[in-house]
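As provided, final_20.tsv (TSV, C-alpha atoms) reads as follows.
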```tsv
chain	number	residue	atom	x	y	z
A	1	MET	CA	97.96	91.85	147.81
A	2	GLU	CA	97.39	91.37	144.08
A	3	LEU	CA	94.23	93.52	144.18
A	4	LEU	CA	96.04	96.29	146.09
A	5	PHE	CA	98.88	96.32	143.58
A	6	ALA	CA	96.41	96.39	140.68
A	7	LEU	CA	94.64	99.35	142.31
A	8	MET	CA	97.96	101.18	142.72
A	9	CYS	CA	98.76	100.60	139.05
A	10	VAL	CA	95.39	101.88	137.85
A	11	VAL	CA	95.58	105.00	140.03
A	12	ALA	CA	99.18	105.73	138.99
A	13	LEU	CA	98.42	105.20	135.30
A	14	GLY	CA	95.41	107.50	135.45
A	15	TYR	CA	97.45	110.18	137.19
A	16	PHE	CA	100.22	109.85	134.61
A	17	VAL	CA	97.80	110.14	131.67
A	18	LEU	CA	96.16	113.23	133.17
A	19	GLY	CA	99.62	114.73	133.74
A	20	LEU	CA	100.56	114.47	130.07
A	21	ARG	CA	98.84	117.79	129.48
A	22	HIS	CA	101.39	119.54	131.67
A	23	LYS	CA	104.33	121.10	129.89
A	24	PRO	CA	107.86	121.65	131.20
A	25	SER	CA	108.73	125.09	132.49
A	26	SER	CA	110.04	127.63	130.00
A	27	ASN	CA	112.23	129.38	132.61
A	28	LEU	CA	115.70	128.32	131.53
A	29	ALA	CA	118.88	128.98	133.54
A	30	SER	CA	116.82	129.50	136.71
A	31	VAL	CA	118.02	126.64	138.95
A	32	ASP	CA	121.22	126.16	140.95
A	33	ALA	CA	122.43	122.57	141.27
A	34	ILE	CA	124.20	121.37	144.43
A	35	ILE	CA	126.32	118.21	144.48
A	36	PRO	CA	128.14	116.86	147.54
A	37	ALA	CA	131.27	114.91	146.65
A	38	TYR	CA	133.22	112.53	148.86
A	39	ASN	CA	135.78	110.36	147.03
A	40	GLU	CA	133.96	110.68	143.70
A	41	ALA	CA	136.95	111.16	141.35
A	42	PRO	CA	136.08	108.32	138.91
A	43	CYS	CA	132.61	109.63	138.05
A	44	LEU	CA	132.54	113.30	139.09
A	45	GLU	CA	133.52	114.97	135.82
A	46	ALA	CA	130.96	113.13	133.69
A	47	SER	CA	128.15	113.96	136.13
A	48	LEU	CA	129.09	117.63	136.41
A	49	VAL	CA	129.37	118.07	132.64
A	50	GLN	CA	125.80	116.80	132.20
A	51	LEU	CA	124.56	119.35	134.72
A	52	LEU	CA	126.60	122.20	133.28
A	53	ARG	CA	125.09	121.52	129.85
A	54	ASN	CA	121.54	121.37	131.16
A	55	PRO	CA	119.57	124.41	129.94
A	56	TYR	CA	117.68	124.73	133.24
A	57	ILE	CA	120.84	124.97	135.35
A	58	ARG	CA	122.31	128.41	135.99
A	59	ARG	CA	125.20	127.37	138.21
A	60	VAL	CA	126.55	124.12	139.60
A	61	ILE	CA	127.82	124.20	143.19
A	62	CYS	CA	129.99	121.20	144.04
A	63	VAL	CA	131.18	120.65	147.61
A	64	ASN	CA	134.25	118.45	148.09
A	65	ASP	CA	133.56	117.02	151.56
A	66	GLY	CA	137.11	116.23	152.66
A	67	SER	CA	137.81	113.63	149.96
A	68	THR	CA	141.00	111.61	150.18
A	69	ASP	CA	141.17	110.69	146.47
A	70	ASP	CA	141.58	113.06	143.48
A	71	THR	CA	138.12	114.64	143.82
A	72	ALA	CA	139.68	118.04	144.64
A	73	GLY	CA	141.93	117.82	141.59
A	74	VAL	CA	139.07	116.94	139.25
A	75	LEU	CA	137.00	119.77	140.67
A	76	ALA	CA	139.84	122.29	140.31
A	77	ARG	CA	140.41	121.35	136.66
A	78	MET	CA	136.72	121.67	135.86
A	79	ALA	CA	136.43	125.01	137.65
A	80	ARG	CA	139.13	126.39	135.34
A	81	THR	CA	137.15	125.17	132.32
A	82	TRP	CA	133.80	126.50	133.58
A	83	PRO	CA	134.83	129.53	135.69
A	84	ASP	CA	131.46	131.31	135.46
A	85	ARG	CA	129.22	128.28	135.90
A	86	LEU	CA	130.93	125.99	138.40
A	87	VAL	CA	131.40	126.93	142.05
A	88	ALA	CA	134.00	124.64	143.64
A	89	ILE	CA	134.01	124.40	147.44
A	90	ASN	CA	136.51	122.41	149.48
A	91	GLN	CA	135.86	121.69	153.14
A	92	ALA	CA	136.82	119.33	155.92
A	93	ASN	CA	134.61	116.25	156.10
A	94	THR	CA	131.27	116.97	157.78
A	95	GLY	CA	128.99	114.35	156.25
A	96	LYS	CA	126.56	114.63	153.36
A	97	GLY	CA	124.05	116.83	155.18
A	98	GLY	CA	126.73	119.34	156.17
A	99	ALA	CA	128.12	119.43	152.63
A	100	LEU	CA	124.69	120.09	151.14
A	101	MET	CA	123.94	122.91	153.56
A	102	ASN	CA	127.33	124.52	152.90
A	103	GLY	CA	126.59	124.41	149.18
A	104	LEU	CA	123.13	125.86	149.77
A	105	ARG	CA	124.66	128.96	151.35
A	106	HIS	CA	126.25	129.74	147.97
A	107	ALA	CA	122.99	129.37	146.00
A	108	THR	CA	121.39	132.50	144.56
A	109	ALA	CA	118.52	130.96	142.53
A	110	HIS	CA	115.01	130.72	143.97
A	111	GLN	CA	115.09	126.95	143.57
A	112	VAL	CA	117.86	124.37	143.82
A	113	PHE	CA	118.29	120.93	142.33
A	114	LEU	CA	120.11	118.36	144.46
A	115	THR	CA	121.71	115.21	143.11
A	116	ASP	CA	124.63	112.89	143.78
A	117	ALA	CA	128.06	112.90	142.21
A	118	ASP	CA	127.58	109.41	140.77
A	119	THR	CA	124.27	110.28	139.10
A	120	ARG	CA	123.82	111.04	135.42
A	121	VAL	CA	121.19	113.72	134.82
A	122	PRO	CA	120.56	113.80	131.04
A	123	HIS	CA	121.10	117.32	129.74
A	124	ASP	CA	119.11	116.74	126.54
A	125	ARG	CA	115.78	115.94	128.22
A	126	ASN	CA	113.21	118.16	129.92
A	127	GLY	CA	113.20	116.33	133.25
A	128	LEU	CA	114.26	119.33	135.31
A	129	GLY	CA	111.71	121.41	133.42
A	130	TYR	CA	108.89	119.18	134.66
A	131	MET	CA	110.18	119.45	138.22
A	132	LEU	CA	110.42	123.22	137.92
A	133	ALA	CA	106.87	123.35	136.56
A	134	GLU	CA	105.65	121.63	139.75
A	135	ILE	CA	107.44	124.29	141.81
A	136	GLU	CA	105.79	127.01	139.70
A	137	ARG	CA	102.39	125.40	140.35
A	138	GLY	CA	102.92	125.76	144.09
A	139	ALA	CA	105.01	122.81	145.22
A	140	ASP	CA	107.70	123.43	147.84
A	141	ALA	CA	109.70	120.30	147.05
A	142	VAL	CA	109.59	117.84	144.14
A	143	GLY	CA	111.09	114.39	143.70
A	144	GLY	CA	111.95	112.63	140.46
A	145	ILE	CA	112.73	109.00	139.74
A	146	PRO	CA	116.22	107.59	140.36
A	147	SER	CA	116.51	104.79	137.82
A	148	THR	CA	119.71	102.81	137.15
A	149	ASN	CA	122.89	103.68	135.27
A	150	LEU	CA	123.73	100.51	133.34
A	151	ASP	CA	126.94	101.87	131.80
A	152	GLY	CA	129.72	99.66	133.14
A	153	ALA	CA	127.27	97.73	135.29
A	154	ARG	CA	127.44	94.02	136.10
A	155	LEU	CA	124.69	91.54	136.99
A	156	LEU	CA	123.20	93.07	140.16
A	157	PRO	CA	122.42	96.50	138.64
A	158	TYR	CA	120.66	94.79	135.73
A	159	ILE	CA	118.49	92.80	138.14
A	160	ARG	CA	117.70	95.97	140.08
A	161	ALA	CA	116.87	97.85	136.88
A	162	THR	CA	114.23	95.31	135.81
A	163	VAL	CA	111.56	96.73	138.13
A	164	LYS	CA	113.07	99.80	139.80
A	165	LEU	CA	111.77	102.56	137.54
A	166	PRO	CA	108.12	101.43	137.18
A	167	MET	CA	107.84	100.42	140.85
A	168	ILE	CA	109.09	103.80	142.08
A	169	ALA	CA	106.69	105.61	139.74
A	170	ILE	CA	103.71	103.47	140.80
A	171	LYS	CA	104.33	103.57	144.56
A	172	ARG	CA	105.23	107.24	144.91
A	173	THR	CA	102.41	108.39	142.65
A	174	PHE	CA	99.91	106.37	144.68
A	175	GLN	CA	101.38	107.71	147.92
A	176	GLN	CA	101.07	111.29	146.67
A	177	ILE	CA	97.45	110.89	145.60
A	178	VAL	CA	96.19	108.94	148.62
A	179	GLY	CA	98.69	109.95	151.30
A	180	GLY	CA	99.29	113.55	150.26
A	181	ALA	CA	103.01	113.19	149.46
A	182	PRO	CA	105.48	110.65	148.07
A	183	PHE	CA	107.37	108.49	150.56
A	184	ILE	CA	110.69	110.22	149.84
A	185	ILE	CA	112.41	112.83	147.72
A	186	SER	CA	115.54	110.93	146.79
A	187	GLY	CA	118.91	112.56	147.33
A	188	ALA	CA	119.69	111.63	143.74
A	189	CYS	CA	116.86	113.71	142.29
A	190	GLY	CA	115.15	116.49	144.22
A	191	MET	CA	114.21	120.11	143.59
A	192	PHE	CA	113.37	122.51	146.42
A	193	ARG	CA	112.43	126.10	146.94
A	194	THR	CA	115.63	127.60	148.29
A	195	ASP	CA	113.96	129.43	151.17
A	196	VAL	CA	112.24	126.23	152.34
A	197	LEU	CA	115.49	124.29	152.32
A	198	LEU	CA	117.28	127.05	154.22
A	199	LYS	CA	114.61	126.92	156.91
A	200	HIS	CA	114.31	123.12	157.17
A	201	GLY	CA	117.61	121.83	155.87
A	202	PHE	CA	119.48	118.57	155.87
A	203	SER	CA	121.08	117.17	158.97
A	204	ASP	CA	123.37	114.23	159.67
A	205	ARG	CA	121.32	112.88	162.59
A	206	THR	CA	120.50	109.86	160.40
A	207	LYS	CA	122.27	108.11	157.53
A	208	VAL	CA	119.23	108.75	155.31
A	209	GLU	CA	119.17	112.52	155.29
A	210	ASP	CA	116.83	112.65	152.27
A	211	LEU	CA	114.13	110.60	153.99
A	212	ASP	CA	114.51	112.61	157.21
A	213	LEU	CA	114.10	115.89	155.31
A	214	THR	CA	111.10	114.66	153.30
A	215	TRP	CA	109.22	113.65	156.44
A	216	THR	CA	110.20	116.91	158.15
A	217	LEU	CA	108.68	118.91	155.28
A	218	VAL	CA	105.51	116.80	155.37
A	219	ALA	CA	105.24	117.28	159.15
A	220	HIS	CA	105.45	121.07	158.71
A	221	GLY	CA	102.71	121.14	156.09
A	222	TYR	CA	104.77	121.83	152.98
A	223	LYS	CA	103.56	120.70	149.57
A	224	VAL	CA	105.72	117.76	148.47
A	225	ARG	CA	105.16	116.39	144.97
A	226	GLN	CA	106.38	113.73	142.54
A	227	ALA	CA	107.50	114.41	138.94
A	228	ASN	CA	107.60	111.09	137.13
A	229	ARG	CA	108.93	112.59	133.91
A	230	CYS	CA	112.24	113.51	135.53
A	231	ILE	CA	114.39	110.38	135.47
A	232	VAL	CA	118.03	110.28	136.53
A	233	TYR	CA	120.56	107.46	136.53
A	234	PRO	CA	122.64	106.80	139.68
A	235	GLN	CA	125.22	104.06	139.83
A	236	GLU	CA	124.26	100.79	141.51
A	237	CYS	CA	126.44	98.47	143.56
A	238	ASN	CA	128.20	95.74	141.58
A	239	THR	CA	128.90	93.37	144.49
A	240	LEU	CA	126.66	91.64	147.00
A	241	ARG	CA	128.81	92.92	149.89
A	242	GLU	CA	128.29	96.56	148.91
A	243	GLU	CA	124.61	95.99	148.13
A	244	TRP	CA	124.07	94.55	151.61
A	245	ARG	CA	125.78	97.54	153.21
A	246	ARG	CA	123.78	100.07	151.19
A	247	TRP	CA	120.44	98.42	151.91
A	248	ARG	CA	121.48	98.11	155.54
A	249	ARG	CA	121.92	101.90	155.64
A	250	TRP	CA	118.55	102.50	153.95
A	251	ILE	CA	116.57	100.08	156.13
A	252	ALA	CA	118.20	100.99	159.43
A	253	GLY	CA	117.78	104.67	158.55
A	254	PHE	CA	114.10	104.12	157.73
A	255	ALA	CA	113.62	102.45	161.12
A	256	VAL	CA	115.32	105.34	162.93
A	257	CYS	CA	113.26	107.90	160.99
A	258	MET	CA	110.08	106.15	162.13
A	259	ARG	CA	111.23	106.80	165.71
A	260	LEU	CA	112.14	110.42	164.97
A	261	HIS	CA	108.86	111.14	163.17
A	262	ARG	CA	106.52	108.92	165.19
A	263	ARG	CA	103.98	111.77	165.44
A	264	LEU	CA	103.38	111.33	161.71
A	265	LEU	CA	102.53	107.64	161.98
A	266	LEU	CA	98.80	108.15	162.56
A	267	SER	CA	98.47	110.99	160.06
A	268	ARG	CA	97.15	110.55	156.52
A	269	PHE	CA	100.73	110.42	155.23
A	270	GLY	CA	101.82	108.01	157.93
A	271	LEU	CA	98.93	105.60	157.38
A	272	VAL	CA	99.46	105.50	153.60
A	273	SER	CA	103.23	105.92	153.18
A	274	MET	CA	105.11	105.17	156.41
A	275	THR	CA	103.27	102.42	158.26
A	276	PRO	CA	102.39	100.24	155.21
A	277	MET	CA	106.05	100.09	154.14
A	278	PHE	CA	106.90	98.54	157.50
A	279	GLY	CA	103.73	96.47	157.70
A	280	LEU	CA	104.37	94.88	154.31
A	281	VAL	CA	107.76	93.71	155.54
A	282	VAL	CA	106.25	92.01	158.58
A	283	LEU	CA	103.46	90.49	156.49
A	284	GLY	CA	105.85	89.44	153.72
A	285	ILE	CA	108.21	87.65	156.08
A	286	ALA	CA	105.33	85.80	157.74
A	287	VAL	CA	103.69	84.82	154.44
A	288	TYR	CA	106.93	83.65	152.83
A	289	ALA	CA	107.91	81.61	155.89
A	290	ALA	CA	104.53	79.88	156.06
A	291	THR	CA	104.42	79.30	152.29
A	292	TRP	CA	107.92	77.86	152.12
A	293	ILE	CA	107.34	75.51	155.04
A	294	ARG	CA	104.10	74.21	153.53
A	295	ALA	CA	105.64	73.92	150.06
A	296	TYR	CA	108.60	71.98	151.37
A	297	LEU	CA	106.46	69.60	153.39
A	298	GLU	CA	104.25	68.90	150.38
A	299	HIS	CA	106.69	68.91	147.47
A	300	GLY	CA	110.24	69.13	148.84
A	301	GLY	CA	112.81	71.27	147.02
A	302	VAL	CA	110.63	71.63	143.94
A	303	GLY	CA	107.93	73.16	146.09
A	304	ILE	CA	110.38	75.77	147.40
A	305	ALA	CA	111.31	76.76	143.84
A	306	MET	CA	107.62	77.07	142.90
A	307	ALA	CA	107.02	79.20	146.01
A	308	VAL	CA	109.92	81.53	145.18
A	309	PHE	CA	108.74	82.02	141.59
A	310	PRO	CA	104.93	81.74	141.58
A	311	LEU	CA	103.27	82.34	138.22
A	312	ALA	CA	101.52	85.51	139.41
A	313	TRP	CA	104.86	87.00	140.45
A	314	VAL	CA	106.52	86.05	137.16
A	315	ALA	CA	103.67	87.59	135.17
A	316	VAL	CA	103.65	90.89	137.06
A	317	VAL	CA	107.41	91.44	137.10
A	318	SER	CA	107.68	90.47	133.43
A	319	VAL	CA	105.35	93.34	132.58
A	320	LEU	CA	107.40	95.69	134.74
A	321	GLY	CA	110.55	94.30	133.16
A	322	ALA	CA	109.16	95.02	129.70
A	323	ILE	CA	108.57	98.66	130.70
A	324	SER	CA	112.13	98.92	131.99
A	325	ALA	CA	113.52	97.14	128.93
A	326	TRP	CA	111.78	99.63	126.65
A	327	HIS	CA	113.09	102.58	128.68
A	328	HIS	CA	116.68	101.34	128.89
A	329	ARG	CA	116.66	99.78	125.41
A	330	LYS	CA	117.85	96.52	127.02
A	331	LEU	CA	115.71	93.54	125.97
A	332	ARG	CA	117.51	91.23	128.40
A	333	LEU	CA	115.75	92.94	131.32
A	334	VAL	CA	112.51	91.06	130.52
A	335	PRO	CA	113.72	87.49	131.24
A	336	MET	CA	115.79	88.77	134.19
A	337	ALA	CA	112.80	90.42	135.90
A	338	SER	CA	111.86	87.38	138.00
A	339	LEU	CA	115.27	87.55	139.66
A	340	ALA	CA	114.19	90.83	141.28
A	341	VAL	CA	112.76	88.64	144.05
A	342	PHE	CA	116.36	88.59	145.28
A	343	TYR	CA	115.96	92.21	146.43
A	344	VAL	CA	112.77	91.34	148.30
A	345	PHE	CA	114.59	88.63	150.22
A	346	LEU	CA	117.58	90.93	150.76
A	347	ALA	CA	115.35	93.58	152.31
A	348	TYR	CA	113.60	91.04	154.55
A	349	ALA	CA	116.93	89.62	155.75
A	350	ILE	CA	118.32	93.07	156.55
A	351	TRP	CA	115.14	94.02	158.41
A	352	ILE	CA	115.54	90.93	160.58
A	353	VAL	CA	119.28	91.42	161.18
A	354	HIS	CA	119.54	95.22	161.40
A	355	GLY	CA	116.20	96.97	160.89
A	356	LEU	CA	114.39	95.85	164.02
A	357	ALA	CA	117.44	96.60	166.18
A	358	ALA	CA	117.65	100.12	164.71
A	359	PHE	CA	113.94	100.66	165.33
A	360	PHE	CA	114.18	99.77	169.02
A	361	THR	CA	117.60	101.32	169.78
A	362	GLY	CA	117.70	104.32	167.42
A	363	ARG	CA	121.25	103.40	166.40
A	364	GLU	CA	122.48	102.95	162.82
A	365	PRO	CA	125.52	101.19	161.36
A	366	THR	CA	128.43	103.23	160.01
A	367	ARG	CA	127.81	104.68	156.58
A	368	ASP	CA	129.80	102.75	153.95
A	369	LYS	CA	130.95	104.24	150.66
A	370	PRO	CA	130.12	102.15	147.57
A	371	THR	CA	132.85	101.78	144.97
A	372	ARG	CA	132.52	104.32	142.18
A	373	TYR	CA	133.36	103.58	138.56
A	374	ALA	CA	133.82	105.83	135.55
A	375	HIS	CA	130.85	106.45	133.28
A	376	VAL	CA	131.20	104.48	130.07
A	377	VAL	CA	130.27	106.17	126.82
A	378	GLU	CA	128.22	103.81	124.67
```
Same coordinates, now as structure tokens:
Amino acid sequence: MELLFALMCVVALGYFVLGLRHKPSSNLASVDAIIPAYNEAPCLEASLVQLLRNPYIRRVICVNDGSTDDTAGVLARMARTWPDRLVAINQANTGKGGALMNGLRHATAHQVFLTDADTRVPHDRNGLGYMLAEIERGADAVGGIPSTNLDGARLLPYIRATVKLPMIAIKRTFQQIVGGAPFIISGACGMFRTDVLLKHGFSDRTKVEDLDLTWTLVAHGYKVRQANRCIVYPQECNTLREEWRRWRRWIAGFAVCMRLHRRLLLSRFGLVSMTPMFGLVVLGIAVYAATWIRAYLEHGGVGIAMAVFPLAWVAVVSVLGAISAWHHRKLRLVPMASLAVFYVFLAYAIWIVHGLAAFFTGREPTRDKPTRYAHVVE
């Protein structure tokens, strides 16, 4: 496992260094942004303002998907302030996929950028320019990196942020190079050719519409790429209850997508990106169970603690935590990095409780809405 991870790091680093020669696109005001919004009143304005100020964005299309809070009011006020740049659409609730496709019908640019209403997309960086450059070099769809918005965040988002950014960059870069495409274009940060998205759009047949679409594009032979220099900042869950529900949606949705796209499993993409993600879960659960039992029998409770935080794990995640700490300008992320093992155990537990059932039945739990909070200006 350690050798495989080291190989992934070397390959990803080499790819990143070679990519430094690429410049962001110079085609400003050439992208339409589409944002679905369901009960997003606390954070919607701040997110939309960042997009409206982004030099690559021509228009922002926001779809209020039957919200029951003040989302419609916030959107109406902003539309009066930005009448030529913001397209406000109100509709009855259809689900995220339906909202995105309704917004897409109002797009006039050749490429669209999709993000979430809780996500901060920095307007003063060239992230969208690097994504657009990939489109101009022939890509049909491009994913960025959803990091973590730490403004107003509590303990859990800080733990998540310790390794999230570098791990996403390493894994998806390796998957693109070896498997032909990254595992997913996140709904928080994706750019698509408009004609491709109109032909193979989002649906609500799963609760992970972004993963379903990514695998659909791969199955149809489209060129899907990763742009590691586009980083956005979605909100994380502040409570364990909401974190469990969100990961339950992701894991159960992943299991259902494996059923829906089973023809991909033996393809190059499937063998590198799809199957290993599931196989590592099975292997991880087995290894941890055996290690903990042996450690307890030999050393008791102290042995369990040593098994949870082995020195190799602490060393690796501390390096990743240092990268994240430098990016977020939060030194505390380094000593907190070892606590990221919590998310490994969370994923394993949800796979056991919900993931396997979803894989065999094709049924997913109801989609839960995380609590939104206002962006805090530092």
Report as a PyMOL selection string all protein, DNA and RNA residues lying within 9 Å of A:Leu333, evaluated on all atoms listed in the file, omitting residues in the same chain fewer than 3 positions from it.
chain A and resi 158-159+161-163+318+321-322+324-325+328+330+336-337
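Take the candidates A:Val317, A:Glu45, A:Asn39, A:Leu132 and check each one against A:Thr68 using only C-alpha atoms; the shortest distance goes to A:Asn39.
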So that I can see what lies close to A:Arg249, please list as a list in words the residues with an atom at most 9 Å from it, counting all atoms listed in the file and leaving out residues fewer than 3 positions away in the same chain.
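Listed by chain and then number, they are Lys207, Val208, Trp244, Arg245, Arg246, Ala252, Gly253, Phe254, Glu364, Pro365, Thr366, Arg367 and Asp368 of chain A.
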For stretch 88-99 of chain A, take all atoms listed in the file, fit an axis-aligned box around them, add 4 Å to each of the six sides, then output centre and edge lengths in Å rounded to one decimal, as JSON.
```
{"center_x": 130.4, "center_y": 119.5, "center_z": 150.7, "size_x": 20.8, "size_y": 18.3, "size_z": 22.1}
```
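For the choices A:Leu213, A:Val224, A:Leu52, A:Leu28, the atom-to-atom distance to A:Arg137 is smallest for A:Val224 when using only C-alpha atoms.
Atom CA of A:Pro370 sits 27.9 Å away from atom CA of A:Asp124.
Of the residues under consideration (A:Leu128, A:Leu20, A:Leu339, A:Ile34), A:Ile34 shows the shortest atom-to-atom contact distance to A:Met101 when counting all atoms listed in the file.
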Mind checking which residues fall within 9 Å of A:Thr148, counting all atoms listed in the file, ignoring those fewer than 6 positions away in the same chain, and posting them as a VMD selection string?
chain A and resid 119 157 to 158 160 to 161 164 to 165 232 to 236 328
Any chance you could tabulate, as CSV, the residues of stretch 211-271 of chain A at most 12 Å from stretch 177-190 of chain A with each one's nearest atom pair and distance in Å to one decimal, using only C-alpha atoms, in chain and rising number order?
```
residue,atom,partner,partner_atom,distance
A:Leu211,CA,A:Ile184,CA,5.4
A:Asp212,CA,A:Ile184,CA,8.6
A:Leu213,CA,A:Ile185,CA,8.4
A:Thr214,CA,A:Ile184,CA,5.6
A:Trp215,CA,A:Ile184,CA,7.6
A:Thr216,CA,A:Ile184,CA,10.7
A:Leu217,CA,A:Ala181,CA,9.9
A:Val218,CA,A:Ala181,CA,7.4
A:Ala219,CA,A:Ala181,CA,10.8
A:Gly221,CA,A:Gly180,CA,10.2
A:Tyr222,CA,A:Ala181,CA,9.5
A:Lys223,CA,A:Ala181,CA,7.5
A:Val224,CA,A:Ala181,CA,5.4
A:Arg225,CA,A:Ala181,CA,5.9
A:Gln226,CA,A:Pro182,CA,6.4
A:Ala227,CA,A:Gly190,CA,9.5
A:Asn228,CA,A:Cys189,CA,10.9
A:Arg229,CA,A:Cys189,CA,11.6
A:Cys230,CA,A:Cys189,CA,8.2
A:Ile231,CA,A:Cys189,CA,8.0
A:Val232,CA,A:Cys189,CA,6.8
A:Tyr233,CA,A:Ala188,CA,8.4
A:Pro234,CA,A:Ala188,CA,7.0
A:Gln235,CA,A:Ala188,CA,10.2
A:Glu236,CA,A:Ala188,CA,12.0
A:Trp250,CA,A:Ser186,CA,11.5
A:Phe254,CA,A:Ile184,CA,10.5
A:Cys257,CA,A:Ile184,CA,11.7
A:Leu264,CA,A:Gly179,CA,11.5
A:Leu265,CA,A:Gly179,CA,11.6
A:Leu266,CA,A:Gly179,CA,11.4
A:Ser267,CA,A:Gly179,CA,8.8
A:Arg268,CA,A:Gly179,CA,5.5
A:Phe269,CA,A:Gly179,CA,4.5
A:Gly270,CA,A:Gly179,CA,7.6
A:Leu271,CA,A:Gly179,CA,7.5
```
